[in-house]
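What follows is data.cif (mmCIF, C-alpha atoms).
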data_upload
#
loop_
_atom_site.label_atom_id
_atom_site.label_comp_id
_atom_site.auth_asym_id
_atom_site.auth_seq_id
_atom_site.Cartn_x
_atom_site.Cartn_y
_atom_site.Cartn_z
CA MET A 1 -31.01 2.01 9.06
CA THR A 2 -28.64 2.13 12.02
CA PRO A 3 -28.92 5.24 14.17
CA ALA A 4 -25.87 7.43 14.74
CA ARG A 5 -24.01 6.62 17.96
CA PHE A 6 -25.44 7.95 21.20
CA ALA A 7 -25.04 7.30 24.90
CA LEU A 8 -28.00 6.22 27.03
CA ARG A 9 -28.70 6.63 30.73
CA ARG A 10 -31.70 5.27 32.61
CA ALA A 11 -32.77 7.97 35.07
CA THR A 12 -34.03 6.58 38.38
CA ASP A 13 -34.13 9.70 40.53
CA TRP A 14 -36.01 12.97 39.94
CA GLU A 15 -33.25 14.93 41.68
CA GLU A 16 -30.51 13.75 39.30
CA LEU A 17 -32.61 14.27 36.15
CA PRO A 18 -31.96 18.01 35.51
CA ALA A 19 -28.18 17.46 35.57
CA LEU A 20 -28.49 14.55 33.12
CA LEU A 21 -30.65 16.62 30.78
CA ALA A 22 -28.21 19.54 31.02
CA GLN A 23 -25.45 17.51 29.35
CA PRO A 24 -24.66 18.53 25.75
CA GLY A 25 -27.01 16.97 23.22
CA ALA A 26 -29.15 15.28 25.88
CA MET A 27 -32.73 14.33 25.06
CA PRO A 28 -35.37 12.69 27.28
CA VAL A 29 -37.09 9.56 26.00
CA ALA A 30 -40.12 7.67 27.31
CA GLY A 31 -41.51 4.76 25.25
CA ALA A 32 -39.28 5.69 22.28
CA GLN A 33 -41.91 4.68 19.73
CA SER A 34 -41.66 7.98 17.87
CA LEU A 35 -38.00 8.62 18.66
CA MET A 36 -36.62 5.27 17.46
CA PRO A 37 -37.88 5.78 13.87
CA MET A 38 -36.50 9.34 13.92
CA LEU A 39 -33.13 7.98 15.09
CA ALA A 40 -33.19 5.19 12.49
CA LEU A 41 -33.89 7.73 9.75
CA ARG A 42 -31.27 10.07 11.30
CA MET A 43 -33.81 12.87 11.51
CA THR A 44 -32.39 13.61 14.96
CA GLU A 45 -28.97 12.79 16.40
CA PRO A 46 -28.87 13.23 20.19
CA ALA A 47 -25.56 12.68 21.99
CA LEU A 48 -27.28 11.29 25.08
CA LEU A 49 -30.70 9.73 25.56
CA VAL A 50 -32.05 9.97 29.09
CA ALA A 51 -34.63 7.21 29.55
CA LEU A 52 -37.43 8.28 31.90
CA GLY A 53 -39.24 4.94 32.31
CA ASP A 54 -37.68 4.01 35.67
CA LEU A 55 -38.58 7.29 37.42
CA PRO A 56 -40.94 6.69 40.36
CA GLY A 57 -44.60 7.55 39.91
CA LEU A 58 -44.74 7.71 36.14
CA GLN A 59 -47.11 4.75 35.84
CA ARG A 60 -49.61 5.82 38.48
CA VAL A 61 -53.35 6.18 37.93
CA GLU A 62 -55.33 7.99 40.65
CA GLN A 63 -58.86 9.30 40.87
CA THR A 64 -59.10 12.48 42.95
CA ALA A 65 -62.23 14.44 43.82
CA ALA A 66 -61.93 16.55 40.69
CA ALA A 67 -59.83 14.65 38.17
CA LEU A 68 -58.31 11.45 36.86
CA VAL A 69 -54.56 11.81 37.37
CA ILE A 70 -52.34 9.65 35.21
CA GLY A 71 -48.57 9.41 35.29
CA ALA A 72 -46.94 10.53 32.06
CA GLY A 73 -45.57 7.01 31.55
CA VAL A 74 -48.99 5.33 31.33
CA THR A 75 -49.06 3.52 27.99
CA HIS A 76 -51.61 3.80 25.21
CA ALA A 77 -52.35 0.09 25.72
CA ALA A 78 -53.11 0.53 29.44
CA THR A 79 -55.48 3.35 28.50
CA GLU A 80 -57.05 1.21 25.78
CA ASP A 81 -57.66 -1.56 28.33
CA GLY A 82 -59.36 0.93 30.65
CA ILE A 83 -58.18 3.29 33.39
CA GLY A 84 -60.28 5.24 35.87
CA PRO A 85 -64.07 5.39 36.08
CA GLU A 86 -66.61 5.96 33.33
CA PRO A 87 -67.23 8.02 31.32
CA LEU A 88 -63.57 9.02 30.89
CA ARG A 89 -62.59 5.34 30.89
CA GLY A 90 -64.52 4.63 27.69
CA TRP A 91 -63.64 7.93 26.03
CA LEU A 92 -59.90 7.49 26.59
CA ALA A 93 -60.02 3.82 25.55
CA HIS A 94 -61.72 4.82 22.30
CA VAL A 95 -59.00 7.35 21.45
CA ALA A 96 -56.18 5.00 22.51
CA SER A 97 -57.43 2.11 20.39
CA GLY A 98 -56.82 4.13 17.21
CA ILE A 99 -53.20 5.05 17.98
CA ALA A 100 -50.71 3.07 15.87
CA TYR A 101 -50.78 -0.69 16.56
CA ARG A 102 -51.00 -2.76 19.70
CA PRO A 103 -47.24 -3.60 19.86
CA VAL A 104 -46.55 0.15 19.61
CA ARG A 105 -49.32 1.00 22.10
CA ASN A 106 -47.69 -1.38 24.59
CA ARG A 107 -44.59 0.87 24.74
CA GLY A 108 -45.73 4.35 23.68
CA THR A 109 -46.88 6.66 26.47
CA VAL A 110 -49.54 9.34 26.84
CA GLY A 111 -46.98 11.75 28.29
CA GLY A 112 -44.50 11.07 25.51
CA SER A 113 -47.15 11.89 22.93
CA LEU A 114 -47.95 15.21 24.63
CA ALA A 115 -44.29 16.13 25.17
CA LEU A 116 -43.40 15.43 21.54
CA HIS A 117 -46.56 17.21 20.30
CA ASP A 118 -46.50 15.80 16.79
CA PRO A 119 -49.23 17.84 15.08
CA ALA A 120 -50.71 14.59 13.69
CA ALA A 121 -50.84 12.84 17.08
CA ASP A 122 -54.08 11.89 18.81
CA TRP A 123 -53.58 12.64 22.52
CA PRO A 124 -52.83 16.38 22.23
CA VAL A 125 -56.17 16.96 20.45
CA ALA A 126 -58.23 14.61 22.61
CA LEU A 127 -56.82 15.79 25.94
CA LEU A 128 -57.02 19.46 24.94
CA ALA A 129 -60.75 19.03 24.33
CA LEU A 130 -61.03 17.33 27.75
CA ASP A 131 -59.42 20.42 29.35
CA ALA A 132 -56.52 18.41 30.78
CA VAL A 133 -53.76 19.93 32.87
CA ALA A 134 -50.08 19.06 32.47
CA VAL A 135 -47.94 18.59 35.58
CA LEU A 136 -44.36 19.62 34.74
CA ARG A 137 -41.47 18.68 37.00
CA ARG A 138 -37.83 19.76 37.30
CA GLY A 139 -36.07 18.03 40.18
CA ALA A 140 -38.39 18.54 43.15
CA ILE A 141 -40.17 21.55 41.63
CA LYS A 142 -43.55 21.02 40.00
CA ARG A 143 -45.86 23.36 38.13
CA ARG A 144 -49.30 22.85 36.64
CA MET A 145 -50.38 24.22 33.31
CA ALA A 146 -53.50 23.89 31.15
CA LEU A 147 -52.76 21.96 27.95
CA ALA A 148 -53.85 25.02 25.95
CA GLN A 149 -50.76 26.77 27.36
CA PHE A 150 -48.54 23.66 27.42
CA LEU A 151 -48.94 22.88 23.70
CA THR A 152 -47.19 25.91 22.20
CA GLY A 153 -46.75 24.73 18.59
CA ALA A 154 -45.91 21.78 16.36
CA PHE A 155 -43.23 19.69 18.09
CA ALA A 156 -43.07 22.40 20.75
CA THR A 157 -44.27 22.65 24.34
CA ALA A 158 -43.78 24.91 27.35
CA LEU A 159 -41.34 22.43 28.95
CA GLY A 160 -38.29 24.27 30.21
CA SER A 161 -34.71 23.07 30.30
CA GLY A 162 -34.31 20.02 32.55
CA GLU A 163 -38.07 19.81 32.95
CA VAL A 164 -40.21 16.80 31.97
CA LEU A 165 -43.90 16.01 31.98
CA GLU A 166 -44.72 14.05 35.14
CA ALA A 167 -48.49 13.63 35.02
CA ILE A 168 -51.71 14.63 33.32
CA GLU A 169 -54.85 15.64 35.22
CA ILE A 170 -58.07 15.04 33.31
CA PRO A 171 -61.04 16.80 34.95
CA THR A 172 -63.99 14.58 35.83
CA PRO A 173 -66.74 15.47 33.32
CA PRO A 174 -70.00 16.79 34.79
CA PRO A 175 -73.10 14.55 34.66
CA GLY A 176 -74.59 14.44 31.18
CA ALA A 177 -71.30 15.31 29.44
CA ARG A 178 -70.60 13.76 26.06
CA PHE A 179 -67.42 13.33 24.06
CA GLY A 180 -66.90 12.94 20.34
CA TRP A 181 -63.75 11.88 18.53
CA CYS A 182 -63.19 11.90 14.79
CA LYS A 183 -59.88 10.92 13.20
CA ILE A 184 -59.34 10.86 9.46
CA ALA A 185 -56.41 8.61 8.58
CA PRO A 186 -55.43 6.68 5.46
CA ALA A 187 -55.43 3.35 7.32
CA PRO A 188 -56.26 2.03 10.81
CA GLY A 189 -53.50 3.10 13.18
CA ALA A 190 -51.95 5.60 10.79
CA PHE A 191 -51.22 9.17 11.83
CA ALA A 192 -54.20 11.50 11.43
CA GLU A 193 -54.61 13.60 8.34
CA ALA A 194 -57.05 15.50 10.51
CA ALA A 195 -58.56 14.84 13.91
CA THR A 196 -61.05 16.62 16.08
CA ALA A 197 -62.39 16.10 19.57
CA VAL A 198 -65.35 17.75 21.23
CA LEU A 199 -66.57 17.83 24.80
CA LEU A 200 -70.22 18.73 25.29
CA ARG A 201 -71.21 19.75 28.81
CA PRO A 202 -74.76 20.73 29.76
CA GLY A 203 -75.11 24.49 29.86
CA ALA A 204 -71.61 25.16 28.49
CA ALA A 205 -70.32 25.98 25.03
CA PRO A 206 -68.85 22.97 23.15
CA ARG A 207 -65.14 22.58 23.77
CA ILE A 208 -63.61 21.61 20.42
CA ALA A 209 -59.99 20.81 19.62
CA VAL A 210 -58.56 20.18 16.16
CA THR A 211 -55.27 19.25 14.54
CA THR A 212 -53.56 22.13 12.74
CA HIS A 213 -50.10 22.60 11.26
CA ASP A 214 -49.22 24.34 14.52
CA GLY A 215 -50.36 21.34 16.56
CA ALA A 216 -53.52 20.81 18.60
CA ARG A 217 -55.61 23.97 18.88
CA LEU A 218 -58.90 24.90 20.52
CA LEU A 219 -61.66 26.30 18.35
CA THR A 220 -62.63 29.07 20.71
CA ALA A 221 -65.22 30.77 18.53
CA ALA A 222 -67.36 29.71 15.59
CA PRO A 223 -65.12 29.55 12.51
CA ARG A 224 -65.22 32.51 10.15
CA PRO A 225 -67.43 31.99 7.10
CA ASP A 226 -64.29 32.09 4.91
CA ASP A 227 -62.90 29.05 6.70
CA PRO A 228 -65.10 26.18 5.44
CA TYR A 229 -62.57 23.54 6.58
CA LEU A 230 -62.89 24.47 10.24
CA ALA A 231 -66.62 24.99 9.89
CA ARG A 232 -66.97 21.47 8.53
CA LEU A 233 -64.75 19.99 11.23
CA ARG A 234 -66.77 21.73 13.90
CA GLU A 235 -70.01 20.45 12.43
CA VAL A 236 -68.74 16.84 12.23
CA ALA A 237 -67.28 16.99 15.74
CA ILE A 238 -70.48 18.21 17.34
CA ARG A 239 -72.61 15.72 15.41
CA ARG A 240 -70.38 12.81 16.50
CA ALA A 241 -70.45 13.91 20.11
CA GLU A 242 -74.22 14.26 20.08
CA ALA A 243 -74.54 10.79 18.58
CA ALA A 244 -72.22 9.28 21.22
CA ALA A 245 -73.64 7.62 24.29
CA ALA A 246 -73.89 10.04 27.21
CA MET B 247 -21.93 -5.98 28.00
CA ILE B 248 -25.60 -6.24 29.00
CA ARG B 249 -27.59 -9.05 30.55
CA LEU B 250 -30.82 -9.93 28.77
CA GLN B 251 -33.35 -12.54 29.78
CA VAL B 252 -34.35 -14.22 26.52
CA ASN B 253 -36.67 -17.21 26.23
CA GLY B 254 -36.14 -18.04 29.89
CA ALA B 255 -32.33 -17.93 29.89
CA MET B 256 -30.03 -15.11 30.99
CA GLN B 257 -27.72 -14.05 28.15
CA GLU B 258 -24.71 -11.75 28.24
CA VAL B 259 -24.30 -9.82 25.02
CA VAL B 260 -22.28 -6.89 23.78
CA ALA B 261 -24.62 -4.07 22.82
CA GLU B 262 -24.20 -0.34 22.41
CA PRO B 263 -27.18 1.96 23.01
CA ARG B 264 -27.98 2.37 19.32
CA ASP B 265 -28.38 -1.41 18.81
CA SER B 266 -32.04 -2.36 18.60
CA LEU B 267 -33.30 -5.41 20.43
CA ALA B 268 -34.14 -6.90 17.02
CA ALA B 269 -30.54 -6.54 15.82
CA VAL B 270 -29.14 -8.01 19.05
CA LEU B 271 -31.52 -10.98 18.98
CA ARG B 272 -30.57 -11.80 15.40
CA ASP B 273 -26.93 -10.86 15.13
CA ARG B 274 -25.60 -11.66 18.60
CA LEU B 275 -27.96 -14.40 19.82
CA GLY B 276 -28.73 -16.11 16.50
CA LEU B 277 -32.50 -15.94 17.04
CA HIS B 278 -33.51 -15.46 13.42
CA ALA B 279 -37.28 -15.93 13.71
CA THR B 280 -37.42 -12.22 14.58
CA ARG B 281 -37.24 -10.48 11.19
CA ILE B 282 -36.18 -6.93 10.45
CA GLY B 283 -38.36 -5.55 7.66
CA CYS B 284 -38.79 -1.79 7.75
CA ALA B 285 -36.67 -1.10 10.88
CA HIS B 286 -38.92 1.78 11.89
CA GLY B 287 -42.02 0.20 13.37
CA SER B 288 -44.35 0.02 10.38
CA CYS B 289 -44.24 -3.60 9.22
CA GLY B 290 -44.47 -5.70 12.40
CA ALA B 291 -42.04 -8.43 11.26
CA CYS B 292 -39.91 -7.95 14.40
CA ASN B 293 -42.64 -8.41 17.04
CA VAL B 294 -41.44 -10.09 20.23
CA LEU B 295 -42.96 -10.32 23.70
CA LEU B 296 -41.61 -7.99 26.41
CA ASP B 297 -42.95 -8.95 29.83
CA GLY B 298 -45.67 -10.86 27.99
CA ALA B 299 -46.88 -8.04 25.73
CA PRO B 300 -45.99 -7.69 22.04
CA ALA B 301 -43.50 -4.97 21.14
CA ARG B 302 -41.60 -3.95 18.04
CA ALA B 303 -38.06 -5.21 18.68
CA CYS B 304 -36.79 -2.62 16.16
CA LEU B 305 -38.22 0.21 18.31
CA VAL B 306 -36.65 -0.91 21.58
CA PRO B 307 -32.97 -0.19 22.25
CA ALA B 308 -31.61 -3.49 23.55
CA VAL B 309 -30.25 -1.77 26.66
CA LEU B 310 -33.80 -0.75 27.59
CA ALA B 311 -34.93 -4.39 27.49
CA VAL B 312 -32.61 -5.13 30.42
CA GLY B 313 -34.80 -6.16 33.34
CA GLN B 314 -37.64 -7.29 31.11
CA GLU B 315 -38.48 -10.81 30.02
CA VAL B 316 -37.91 -11.15 26.26
CA VAL B 317 -39.70 -13.97 24.44
CA THR B 318 -39.20 -14.56 20.71
CA LEU B 319 -41.08 -16.98 18.48
CA GLU B 320 -38.41 -19.58 19.29
CA GLY B 321 -39.51 -19.37 22.94
CA LEU B 322 -43.14 -20.15 22.07
CA ARG B 323 -42.48 -23.53 20.47
CA ASP B 324 -44.69 -25.41 22.95
CA ASP B 325 -47.22 -22.67 23.67
CA HIS B 326 -50.69 -24.12 23.13
CA ILE B 327 -52.12 -21.11 21.26
CA MET B 328 -49.01 -21.05 19.06
CA LEU B 329 -49.36 -24.77 18.27
CA SER B 330 -52.92 -24.11 17.19
CA LEU B 331 -51.93 -21.03 15.15
CA ARG B 332 -49.11 -22.87 13.41
CA ALA B 333 -51.43 -25.71 12.38
CA ALA B 334 -54.05 -23.21 11.18
CA PHE B 335 -51.49 -21.15 9.20
CA GLN B 336 -50.39 -24.37 7.48
CA ALA B 337 -53.94 -25.55 6.76
CA GLN B 338 -55.05 -22.16 5.42
CA HIS B 339 -51.89 -21.48 3.35
CA ALA B 340 -51.48 -18.31 5.43
CA LEU B 341 -47.92 -17.65 4.29
CA GLN B 342 -45.91 -17.63 1.12
CA CYS B 343 -42.42 -16.21 1.59
CA GLY B 344 -42.79 -16.33 5.38
CA TYR B 345 -40.96 -13.09 6.10
CA CYS B 346 -43.88 -11.56 8.01
CA THR B 347 -44.98 -14.80 9.67
CA ALA B 348 -43.16 -14.60 13.02
CA GLY B 349 -44.53 -11.11 13.63
CA MET B 350 -47.99 -12.20 12.46
CA LEU B 351 -48.00 -15.17 14.83
CA ILE B 352 -46.99 -13.06 17.83
CA ALA B 353 -49.60 -10.42 17.02
CA ALA B 354 -52.25 -13.10 16.43
CA ARG B 355 -51.53 -14.89 19.70
CA ASP B 356 -51.93 -11.61 21.58
CA MET B 357 -55.22 -10.84 19.81
CA ILE B 358 -56.54 -14.29 20.74
CA GLN B 359 -55.41 -13.90 24.36
CA ARG B 360 -57.10 -10.49 24.66
CA GLY B 361 -60.31 -11.77 23.06
CA CYS B 362 -59.87 -9.46 20.06
CA ALA B 363 -60.10 -12.09 17.29
CA ARG B 364 -63.81 -12.86 17.33
CA ASN B 365 -64.62 -12.12 13.69
CA PRO B 366 -62.84 -11.29 10.41
CA ASP B 367 -63.35 -7.51 10.77
CA GLU B 368 -61.82 -7.48 14.22
CA ILE B 369 -58.89 -9.60 13.03
CA ARG B 370 -58.27 -7.34 10.03
CA ALA B 371 -58.28 -4.27 12.30
CA GLY B 372 -55.84 -6.03 14.64
CA LEU B 373 -53.55 -6.88 11.73
CA ALA B 374 -53.36 -3.27 10.51
CA GLY B 375 -49.82 -3.07 11.82
CA GLN B 376 -48.68 -6.35 10.27
CA LEU B 377 -47.67 -6.09 6.63
CA CYS B 378 -47.78 -9.14 4.35
CA ARG B 379 -46.96 -8.58 0.68
CA CYS B 380 -47.69 -12.15 -0.52
CA THR B 381 -50.99 -13.51 0.67
CA GLY B 382 -53.61 -10.79 0.45
CA TYR B 383 -54.38 -11.63 4.10
CA ASP B 384 -57.41 -13.88 3.47
CA GLY B 385 -55.60 -17.03 4.53
CA ILE B 386 -54.10 -15.29 7.56
CA VAL B 387 -57.49 -14.01 8.72
CA ALA B 388 -59.04 -17.47 8.26
CA ALA B 389 -56.19 -19.11 10.17
CA ILE B 390 -56.44 -16.72 13.12
CA LEU B 391 -60.22 -17.09 13.21
CA GLY B 392 -59.81 -20.86 13.35
CA ALA B 393 -57.14 -20.75 16.06
CA ALA B 394 -59.24 -18.31 18.10
CA HIS B 395 -62.14 -20.73 17.84
CA ASP B 396 -59.89 -23.57 19.07
CA ALA B 397 -58.70 -21.44 21.99
CA ARG B 398 -62.27 -20.82 23.18
CA ARG B 399 -63.14 -24.51 23.24
#
Re-express the file's structure as structure tokens.
Amino acid sequence: MTPARFALRRATDWEELPALLAQPGAMPVAGAQSLMPMLALRMTEPALLVALGDLPGLQRVEQTAAALVIGAGVTHAATEDGIGPEPLRGWLAHVASGIAYRPVRNRGTVGGSLALHDPAADWPVALLALDAVAVLRRGAIKRRMALAQFLTGAFATALGSGEVLEAIEIPTPPPGARFGWCKIAPAPGAFAEAATAVLLRPGAAPRIAVTTHDGARLLTAAPRPDDPYLARLREVAIRRAEAAAA
Amino acid sequence: MIRLQVNGAMQEVVAEPRDSLAAVLRDRLGLHATRIGCAHGSCGACNVLLDGAPARACLVPAVLAVGQEVVTLEGLRDDHIMLSLRAAFQAQHALQCGYCTAGMLIAARDMIQRGCARNPDEIRAGLAGQLCRCTGYDGIVAAILGAAHDARR
């Protein structure tokens, strides 16, 4: 189980990053907790890994007037231990605690999970329900994009060439908001067979995200009667959110 | 050639980017407590501490551990929680072949330090990423519960 040969560079400067990623066969890597197994199994064979962990600002956690802003390099473990104010603090910790195992959570990052967009991953579904915004960066140029646009399909995102995810903005929920999370997995820490997240806000329609074969998707309308799977997911999600502490 | 800080000492080792930290620790530095089981993050036999927090040494390219403090089970010989865990593992027959034990001990020490080993259910949840194919886990859970109790006294 030795990966094929590759070169590795640790990027330290946002300005130099696009040129590194433009090299043939280059691939960005954050915590490497999904990539290392794929390399070991030779499911992917990059020529050059560009490690993002030393880039400035990737570990930051800031509370602004409207949102909790977390650097893309914030780990699952940091989130599990608590970042930002309640209620997001508890909601995010709850989701994080079910991702893989603590030694993996210590290295794996929220941004890496979104940028990979494994359709069985937890963060794309949870953060889509929370209406998070992705901050994409190429050199000095940044752009913001709702996760619903960022997550384009399974293992696919709107990231352009030379561009990486820099931060995630999670809007501060209004007073009285509730959040429900339901993950069906064969064992604690395993990838989801199905997962659903719902955000209930007073006076607004429930915001529900689910895993699909195309990745995390919003349920924008009530499921059609001929789709009992989505109807059931929606029902469970709303019930869990209503049962959760406000 | 890379410079790795392992168990308090700076070591110079030859490593190419595809070499995992687990492989370098075992094959170049002779630190064989760190086991390689599945080599893709599922079994937990290769747990080491990186800057004090457990990590899968098979999922970390050795070159990315440069600048971090690596501690293997060999480096925790005199650690007081580890002394307590080792005694409890022996008393509770918490190992048979021993292949998973180093990873178990490192995971268990972290659970005790974080206060996440207060009852058998919590310990079992915390051990979800540590595979043992010999014991059926009962002895391991009992040992960690006992060591956690010692640590609180």
Discussion item. What's the separation between atom CA of Ile238 of chain A and atom CA of Leu218 of chain A, in Å to one decimal place?
Written reply: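 Pair atom CA of Ile238 of chain A / atom CA of Leu218 of chain A returns 13.7 Å.
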Discussion item. Evaluated on this file, the PyMOL selection byres ((chain A) within 7 of (chain B)) picks out some residues - which ones are they, written as a PyMOL selection string?
Written reply: chain A and resi 1+3+5-8+32-33+36-37+40+101+103-104+106-107+188-189
Discussion item. Just checking: using all atoms listed in the file, which residue out of B:Gln336, B:Gly298, B:Asp273, B:Ile358 ends up closest to Val317 of chain B?
Written reply: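 Using all atoms listed in the file, the shortest distance to Val317 of chain B belongs to B:Gly298.
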Item to complete: Give me the result of the PyMOL selection byres ((chain B and resi 312) around 8) on this file, residue by residue, as a list in words.
Response: Ile248, Arg249, Leu250, Gln251, Ala308, Val309, Leu310, Ala311, Gly313 and Gln314 of chain B
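Take atom CA of Cys346 of chain B and atom CA of Ala393 of chain B: the distance between them is 18.0 Å.
Straight-line separation from atom CA of Val252 of chain B to atom CA of Asp54 of chain A: 20.7 Å.
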Taking 5 positions as the minimum chain separation for residues in the same chain, which residues sit within 12 Å of Leu151 of chain A when counting all atoms listed in the file? Answer as a PDB file with C-alpha atoms, in the frame of the given file.
ATOM      1  CA  SER A 113     -47.150  11.890  22.930  1.00  0.00           C
ATOM      2  CA  LEU A 114     -47.950  15.210  24.630  1.00  0.00           C
ATOM      3  CA  ALA A 115     -44.290  16.130  25.170  1.00  0.00           C
ATOM      4  CA  LEU A 116     -43.400  15.430  21.540  1.00  0.00           C
ATOM      5  CA  HIS A 117     -46.560  17.210  20.300  1.00  0.00           C
ATOM      6  CA  ASP A 118     -46.500  15.800  16.790  1.00  0.00           C
ATOM      7  CA  PRO A 119     -49.230  17.840  15.080  1.00  0.00           C
ATOM      8  CA  TRP A 123     -53.580  12.640  22.520  1.00  0.00           C
ATOM      9  CA  PRO A 124     -52.830  16.380  22.230  1.00  0.00           C
ATOM     10  CA  VAL A 125     -56.170  16.960  20.450  1.00  0.00           C
ATOM     11  CA  LEU A 127     -56.820  15.790  25.940  1.00  0.00           C
ATOM     12  CA  LEU A 128     -57.020  19.460  24.940  1.00  0.00           C
ATOM     13  CA  ALA A 132     -56.520  18.410  30.780  1.00  0.00           C
ATOM     14  CA  VAL A 133     -53.760  19.930  32.870  1.00  0.00           C
ATOM     15  CA  ALA A 134     -50.080  19.060  32.470  1.00  0.00           C
ATOM     16  CA  MET A 145     -50.380  24.220  33.310  1.00  0.00           C
ATOM     17  CA  ALA A 146     -53.500  23.890  31.150  1.00  0.00           C
ATOM     18  CA  ALA A 156     -43.070  22.400  20.750  1.00  0.00           C
ATOM     19  CA  THR A 157     -44.270  22.650  24.340  1.00  0.00           C
ATOM     20  CA  ALA A 158     -43.780  24.910  27.350  1.00  0.00           C
ATOM     21  CA  LEU A 159     -41.340  22.430  28.950  1.00  0.00           C
ATOM     22  CA  LEU A 165     -43.900  16.010  31.980  1.00  0.00           C
ATOM     23  CA  ALA A 209     -59.990  20.810  19.620  1.00  0.00           C
ATOM     24  CA  THR A 211     -55.270  19.250  14.540  1.00  0.00           C
ATOM     25  CA  THR A 212     -53.560  22.130  12.740  1.00  0.00           C
ATOM     26  CA  ASP A 214     -49.220  24.340  14.520  1.00  0.00           C
ATOM     27  CA  GLY A 215     -50.360  21.340  16.560  1.00  0.00           C
ATOM     28  CA  ALA A 216     -53.520  20.810  18.600  1.00  0.00           C
ATOM     29  CA  ARG A 217     -55.610  23.970  18.880  1.00  0.00           C
ATOM     30  CA  LEU A 218     -58.900  24.900  20.520  1.00  0.00           C
TER      31      LEU A 218
END
Worksheet item: Which one is closest to Leu17 of chain A: A:Ala241, A:Val164, A:Ile70, A:Leu136? Count all atoms listed in the file.
Response: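 Looking at the shortest contact to Leu17 of chain A, the residue is A:Val164.
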Item to complete: For each of A:Ile99, A:Leu21, A:Ile168, A:Pro85, take the minimum atom-to-atom distance to Gly71 of chain A, counting only C-alpha atoms, then give the residue where this is smallest.
Response: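 Nearest to Gly71 of chain A: A:Ile168.
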Discussion item. Translate the PyMOL selection byres ((chain A and resi 48) around 8) into a concrete residue list for this structure, as JSON, numbers by chain.
Written reply: {"A": [6, 7, 8, 9, 23, 24, 25, 26, 27, 46, 47, 49, 50]}
Okay, now the selection with C-alpha atoms, as an mmCIF file, keeping the file's coordinate frame?
data_model
loop_
_atom_site.group_PDB
_atom_site.id
_atom_site.type_symbol
_atom_site.label_atom_id
_atom_site.label_comp_id
_atom_site.auth_asym_id
_atom_site.auth_seq_id
_atom_site.Cartn_x
_atom_site.Cartn_y
_atom_site.Cartn_z
ATOM 1 C CA PHE A 6 -25.440 7.950 21.200
ATOM 2 C CA ALA A 7 -25.040 7.300 24.900
ATOM 3 C CA LEU A 8 -28.000 6.220 27.030
ATOM 4 C CA ARG A 9 -28.700 6.630 30.730
ATOM 5 C CA GLN A 23 -25.450 17.510 29.350
ATOM 6 C CA PRO A 24 -24.660 18.530 25.750
ATOM 7 C CA GLY A 25 -27.010 16.970 23.220
ATOM 8 C CA ALA A 26 -29.150 15.280 25.880
ATOM 9 C CA MET A 27 -32.730 14.330 25.060
ATOM 10 C CA PRO A 46 -28.870 13.230 20.190
ATOM 11 C CA ALA A 47 -25.560 12.680 21.990
ATOM 12 C CA LEU A 49 -30.700 9.730 25.560
ATOM 13 C CA VAL A 50 -32.050 9.970 29.090
#
Fill in: Within 9 Å of Gln338 of chain B using all atoms listed in the file, minus same-chain residues under 6 positions, as a ChimeraX atom specification
/B:384-386,388-389
Practice prompt. List the neighbours of Phe179 of chain A out to 12 Å using only C-alpha atoms; skip same-chain residues closer than 3 positions along the sequence, and give me the result as a PyMOL selection string.
Written response: chain A and resi 86-92+94-95+126-127+129-131+173-174+176+182+196-202+206-209+237-246
Item to complete: Would you list the contacts of Ala354 of chain B as a PyMOL selection string, taking every protein, DNA or RNA residue within 9 Å and counting all atoms listed in the file, but skipping same-chain residues closer than 5 positions in sequence?
Response: chain B and resi 328+331+349+359+363+369+372-373+390+394
Go ahead and save the picked residues with C-alpha atoms, as a short mmCIF file (atom, residue, chain, number, x, y, z; two decimals), in the coordinates of the input.
data_model
loop_
_atom_site.label_atom_id
_atom_site.label_comp_id
_atom_site.auth_asym_id
_atom_site.auth_seq_id
_atom_site.Cartn_x
_atom_site.Cartn_y
_atom_site.Cartn_z
CA MET B 328 -49.01 -21.05 19.06
CA LEU B 331 -51.93 -21.03 15.15
CA GLY B 349 -44.53 -11.11 13.63
CA GLN B 359 -55.41 -13.90 24.36
CA ALA B 363 -60.10 -12.09 17.29
CA ILE B 369 -58.89 -9.60 13.03
CA GLY B 372 -55.84 -6.03 14.64
CA LEU B 373 -53.55 -6.88 11.73
CA ILE B 390 -56.44 -16.72 13.12
CA ALA B 394 -59.24 -18.31 18.10
#
Worksheet entry | Given all atoms listed in the file as the counted atoms, nearest of B:Ala255, B:Glu315, B:Pro366, B:Arg379 to Cys343 of chain B |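 With all atoms listed in the file as the atom set, the closest residue is B:Arg379.
Counting all atoms listed in the file and comparing A:Phe155, A:Gly98, A:Tyr229, A:Ile83, the residue that lies closest to Phe191 of chain A is A:Gly98.
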